[in-house]
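So this one's final.txt, compact mmCIF, C-alpha atoms:
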# COMPACT_ATOMS: atom_id res chain seq x y z
CA MET A 125 -34.92 126.50 14.17
CA TYR A 126 -36.08 123.14 12.77
CA SER A 127 -39.46 121.55 13.19
CA LEU A 128 -39.66 118.07 14.71
CA VAL A 129 -40.02 116.59 11.22
CA GLY A 130 -37.08 118.66 9.99
CA ARG A 131 -34.88 117.54 12.90
CA ARG A 132 -35.75 113.89 12.25
CA ALA A 133 -35.02 114.25 8.55
CA LEU A 134 -31.69 115.89 9.36
CA TYR A 135 -30.82 113.13 11.84
CA ILE A 136 -31.66 110.42 9.28
CA THR A 137 -29.62 112.23 6.65
CA GLU A 138 -26.60 112.58 8.96
CA THR A 139 -26.84 108.89 9.85
CA ALA A 140 -27.03 107.96 6.17
CA VAL A 141 -23.98 110.11 5.45
CA MET A 142 -22.05 108.40 8.26
CA THR A 143 -23.07 104.99 6.92
CA ALA A 144 -22.02 105.94 3.38
CA LEU A 145 -18.73 107.36 4.67
CA LEU A 146 -18.06 104.14 6.53
CA ILE A 147 -18.75 101.98 3.46
CA VAL A 148 -16.53 104.14 1.25
CA LEU A 149 -13.70 104.13 3.80
CA GLN A 150 -13.92 100.35 4.14
CA ALA A 151 -13.68 99.91 0.37
CA VAL A 152 -10.91 102.47 -0.15
CA THR A 153 -8.72 101.36 2.77
CA ARG A 154 -9.17 97.61 2.25
CA PRO A 155 -5.79 97.24 0.47
CA ALA A 156 -4.08 99.04 3.38
CA GLY A 157 -4.96 96.24 5.81
CA GLN A 158 -6.80 95.65 9.04
CA TYR A 159 -5.14 98.40 11.08
CA VAL A 160 -5.94 101.24 8.68
CA THR A 161 -9.42 100.00 7.81
CA GLY A 162 -10.25 99.21 11.44
CA MET A 163 -9.06 102.62 12.59
CA CYS A 164 -11.24 104.33 9.96
CA VAL A 165 -14.27 102.18 10.83
CA ASN A 166 -13.93 102.86 14.54
CA ALA A 167 -13.48 106.59 13.90
CA VAL A 168 -16.74 106.74 11.93
CA LEU A 169 -18.55 104.62 14.53
CA ALA A 170 -17.41 106.93 17.31
CA LEU A 171 -18.18 110.08 15.31
CA SER A 172 -21.67 108.77 14.58
CA ALA A 173 -22.33 108.28 18.28
CA LEU A 174 -20.58 111.40 19.60
CA ALA A 175 -21.34 113.98 16.90
CA VAL A 176 -24.70 112.83 15.54
CA GLY A 177 -26.20 110.88 18.43
CA LEU A 178 -26.61 107.53 20.15
CA TRP A 179 -29.12 106.08 17.70
CA SER A 180 -27.02 107.15 14.75
CA GLY A 181 -24.07 105.31 16.28
CA VAL A 182 -26.22 102.24 16.91
CA THR A 183 -27.52 102.23 13.34
CA VAL A 184 -24.06 102.60 11.77
CA ALA A 185 -22.56 100.03 14.17
CA LEU A 186 -25.13 97.40 13.30
CA LEU A 187 -25.20 98.01 9.55
CA SER A 188 -21.48 98.31 8.85
CA PRO A 189 -20.39 94.66 9.20
CA PHE A 190 -23.25 93.48 6.98
CA PHE A 191 -22.34 95.98 4.25
CA ALA A 192 -18.69 94.99 4.60
CA PHE A 193 -19.63 91.33 4.19
CA LEU A 194 -21.75 92.07 1.12
CA LEU A 195 -18.89 94.09 -0.40
CA GLY A 196 -16.33 91.35 0.29
CA ILE A 197 -14.51 93.37 2.95
CA GLY A 198 -13.47 91.61 6.14
CA PRO A 199 -14.05 87.98 7.06
CA GLN A 200 -16.18 86.16 4.50
CA LEU A 201 -17.61 83.76 7.08
CA PHE A 202 -21.15 84.90 7.80
CA PRO A 203 -21.40 83.66 11.45
CA ILE A 204 -18.69 86.17 12.36
CA VAL A 205 -20.64 89.15 10.96
CA PRO A 206 -23.22 89.37 13.80
CA SER A 207 -20.37 89.12 16.32
CA ILE A 208 -18.71 92.14 14.71
CA ALA A 209 -22.04 93.98 14.88
CA VAL A 210 -22.27 93.21 18.61
CA GLY A 211 -18.70 94.44 19.17
CA ASN A 212 -19.46 97.65 17.28
CA LEU A 213 -22.67 98.09 19.25
CA VAL A 214 -20.87 97.75 22.58
CA PHE A 215 -18.30 100.31 21.39
CA VAL A 216 -20.83 103.00 20.42
CA LEU A 217 -23.16 102.38 23.36
CA LEU A 218 -20.42 102.71 25.97
CA LEU A 219 -18.88 105.67 24.24
CA ALA A 220 -22.16 107.56 23.91
CA LEU A 221 -23.57 106.65 27.31
CA LEU A 222 -20.37 107.29 29.28
CA ALA A 223 -19.32 110.43 27.41
CA GLY A 224 -22.76 111.92 27.18
CA GLY A 225 -24.12 113.83 24.23
CA ARG A 226 -23.28 117.30 25.43
CA GLU A 227 -20.47 119.53 24.23
CA ASP A 228 -19.37 120.39 27.77
CA VAL A 229 -18.23 116.87 28.69
CA PRO A 230 -15.04 117.07 30.75
CA LEU A 231 -11.98 115.73 28.97
CA TRP A 232 -11.37 113.10 31.67
CA ARG A 233 -14.88 111.71 31.16
CA LEU A 234 -14.52 111.64 27.38
CA GLY A 235 -11.12 109.95 27.69
CA SER A 236 -12.44 107.40 30.16
CA ALA A 237 -15.40 106.62 27.88
CA TRP A 238 -13.07 106.24 24.90
CA PHE A 239 -10.77 103.78 26.69
CA ALA A 240 -13.64 101.81 28.27
CA ALA A 241 -15.47 101.51 24.94
CA ALA A 242 -12.33 100.39 23.08
CA PHE A 243 -11.45 97.82 25.73
CA ALA A 244 -15.02 96.50 25.91
CA LYS A 245 -15.17 96.08 22.12
CA TYR A 246 -11.90 94.18 22.17
CA ILE A 247 -13.10 91.86 24.97
CA VAL A 248 -16.49 91.22 23.32
CA LEU A 249 -14.95 90.39 19.94
CA TYR A 250 -12.27 88.21 21.50
CA LEU A 251 -14.80 86.23 23.50
CA LEU A 252 -17.37 85.89 20.70
CA VAL A 253 -15.03 85.15 17.80
CA VAL A 254 -11.89 83.60 19.28
CA LYS A 255 -13.29 81.75 22.27
CA LEU A 256 -16.77 80.86 21.00
CA LEU A 257 -16.96 80.79 17.19
CA CYS A 258 -13.46 79.42 16.58
CA ALA A 259 -14.32 76.61 19.01
CA VAL A 260 -17.70 75.65 17.53
CA LEU A 261 -17.35 76.36 13.80
CA PRO A 262 -15.76 73.72 11.59
CA LEU A 263 -12.67 75.79 10.78
CA ARG A 264 -9.35 74.58 9.46
CA GLU A 265 -6.47 75.19 11.83
CA GLN A 266 -5.13 77.95 9.58
CA GLN A 267 -8.51 79.76 9.55
CA ALA A 268 -8.83 79.55 13.33
CA ALA A 269 -5.31 80.94 13.73
CA MET A 270 -6.10 83.82 11.34
CA PHE A 271 -9.33 84.73 13.18
CA THR A 272 -7.52 84.49 16.53
CA VAL A 273 -5.01 87.09 15.37
CA MET A 274 -7.61 89.32 13.66
CA PHE A 275 -9.94 89.41 16.66
CA SER A 276 -7.42 89.86 19.44
CA TYR A 277 -5.12 92.84 20.11
CA PRO A 278 -5.64 94.52 16.68
CA GLN A 279 -9.22 95.20 17.77
CA LEU A 280 -8.02 97.11 20.80
CA VAL A 281 -5.42 99.05 18.79
CA THR A 282 -7.88 100.05 16.04
CA ALA A 283 -10.64 100.96 18.51
CA LEU A 284 -8.24 103.15 20.49
CA ALA A 285 -6.84 104.82 17.36
CA GLY A 286 -10.23 105.36 15.71
CA GLY A 287 -11.80 106.52 18.95
CA GLY A 288 -8.94 108.97 19.46
CA ILE A 289 -9.45 110.44 16.01
CA ALA A 290 -13.17 110.79 16.73
CA VAL A 291 -12.54 112.46 20.09
CA LEU A 292 -10.41 115.06 18.29
CA LEU A 293 -12.86 115.58 15.40
CA THR A 294 -16.15 115.56 17.33
CA PRO A 295 -16.02 119.23 18.44
CA LEU A 296 -15.34 120.33 14.86
CA ILE A 297 -18.15 118.24 13.43
CA ARG A 298 -20.59 119.35 16.13
CA ARG A 299 -19.74 122.94 15.33
CA ALA A 300 -20.25 122.26 11.61
CA LEU A 301 -23.61 120.61 12.37
CA ARG A 302 -24.44 123.44 14.83
CA ARG A 303 -25.51 121.09 17.61
Would you write out, as C-alpha cells, the structure that this file holds?
Amino acid sequence: MYSLVGRRALYITETAVMTALLIVLQAVTRPAGQYVTGMCVNAVLALSALAVGLWSGVTVALLSPFFAFLLGIGPQLFPIVPSIAVGNLVFVLLLALLAGGREDVPLWRLGSAWFAAAFAKYIVLYLLVVKLLCAVLPLREQQAAMFTVMFSYPQLVTALAGGGIAVLLTPLIRRALRR
C-alpha cells in the first residue's frame, strides 16, 4: 500500500492537520468561552491519539498550549502553559495506552480509558495550577481565584465532553483514513 517513507509522510501530514484544526478551533471558539473551546480542544487531542496514533496525540498535546499562548488564547501567564501541556499529555497518553490503537477495542475499554484520561487530566491540572502555581506565583487574589475556577471542575467537564465526541467520531475518521 504505502512505503515506509510514504506512511511516515502521511502520519506527519495527519498530525499537522490535527494541529492546524486545533489552532483554528481555539481561535474560532474563543468568544464562546472555556467550555466550548475546551471541549473542542479535548476532542481534537483525543482524535489525534485515537484516530491517528499515540505520537500524533503527544505532538498535538504538547504544541497546542504554546500556540494558544502565542495567539492570545487562554491564560496569558507563561508559567501555566507547560502545566497545560502536561495535562494534555496525560490525557492523550492514558487515552491511547488504555484504549489501544486497534479498531476492535471493546466499548467498555474505550469508555474506561475515556473516563480515566479525563479524570487524570483534571487532577493533574488542578494540582499543578491551583495547588502549586497559584501558591508560588506572585498572583493577585483575583487572578488566583480566576485560575482556581478555570483549572478545577471545568477541566473535567471539557475533557469528558471532548473525549466523548472523539469516541463517537474516531471510527468514522479511521474509516476515512483507511487505518
When you look at stretch 248-265 of chain A with a cut-off of 7 Å (counting all atoms listed in the file), what residues show up, excluding the ones that are within fewer than 3 positions of it in the same chain? I need them as a PyMOL selection string.
chain A and resi 204+207-208+211+244-245+268-269+271-272+275-276
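You can rank A:Gln279, A:Ser236, A:Gln267, A:Thr139 by their closest distance to A:Gly177 using only C-alpha atoms, and at the top of that list sits A:Thr139.
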Contacts of stretch 141-207 of chain A with stretch 285-302 of chain A up to 6 Å, shortest pair per row, all atoms listed in the file, as a Markdown table:
| residue | atom | partner | partner_atom | distance |
| --- | --- | --- | --- | --- |
| A:Met163 | CA | A:Gly286 | CA | 4.3 |
| A:Cys164 | CA | A:Gly286 | CA | 5.9 |
| A:Asn166 | CA | A:Gly286 | CA | 4.6 |
| A:Ala167 | CA | A:Gly286 | CA | 3.9 |
| A:Ala170 | CA | A:Ala290 | CA | 5.8 |
| A:Leu171 | CA | A:Ala290 | CA | 5.3 |
| A:Ala175 | CA | A:Thr294 | CA | 5.4 |
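Closest approach to A:Pro155 among A:Ile197, A:Gln266, A:Ala241, A:Leu219 is made by A:Ile197 (distances from all atoms listed in the file).
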Just want the 10 Å neighbourhood of A:Val141, counted on only C-alpha atoms, with same-chain residues fewer than 5 positions away dropped. Output as a compact mmCIF listing (two decimals) with C-alpha atoms, keeping the file's coordinate frame.
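Printed below is part_24.txt as written:
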# COMPACT_ATOMS: atom_id res chain seq x y z
CA TYR A 135 -30.82 113.13 11.84
CA ILE A 136 -31.66 110.42 9.28
CA LEU A 146 -18.06 104.14 6.53
CA ILE A 147 -18.75 101.98 3.46
CA SER A 172 -21.67 108.77 14.58
CA VAL A 184 -24.06 102.60 11.77
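When atom CA of A:Phe191 is paired with atom CA of A:Leu234, their separation reads 29.0 Å.
Taking atom CA of A:Thr282 and atom CA of A:Gly224 as endpoints, the distance between them is 22.1 Å.
Of the listed residues (A:Leu194, A:Val176, A:Val214, A:Ala283), A:Val176 comes nearest to A:Leu134; the distances count only C-alpha atoms.
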Distance atom CA of A:Ser180-atom CA of A:Phe243, one decimal place?
21.2 Å
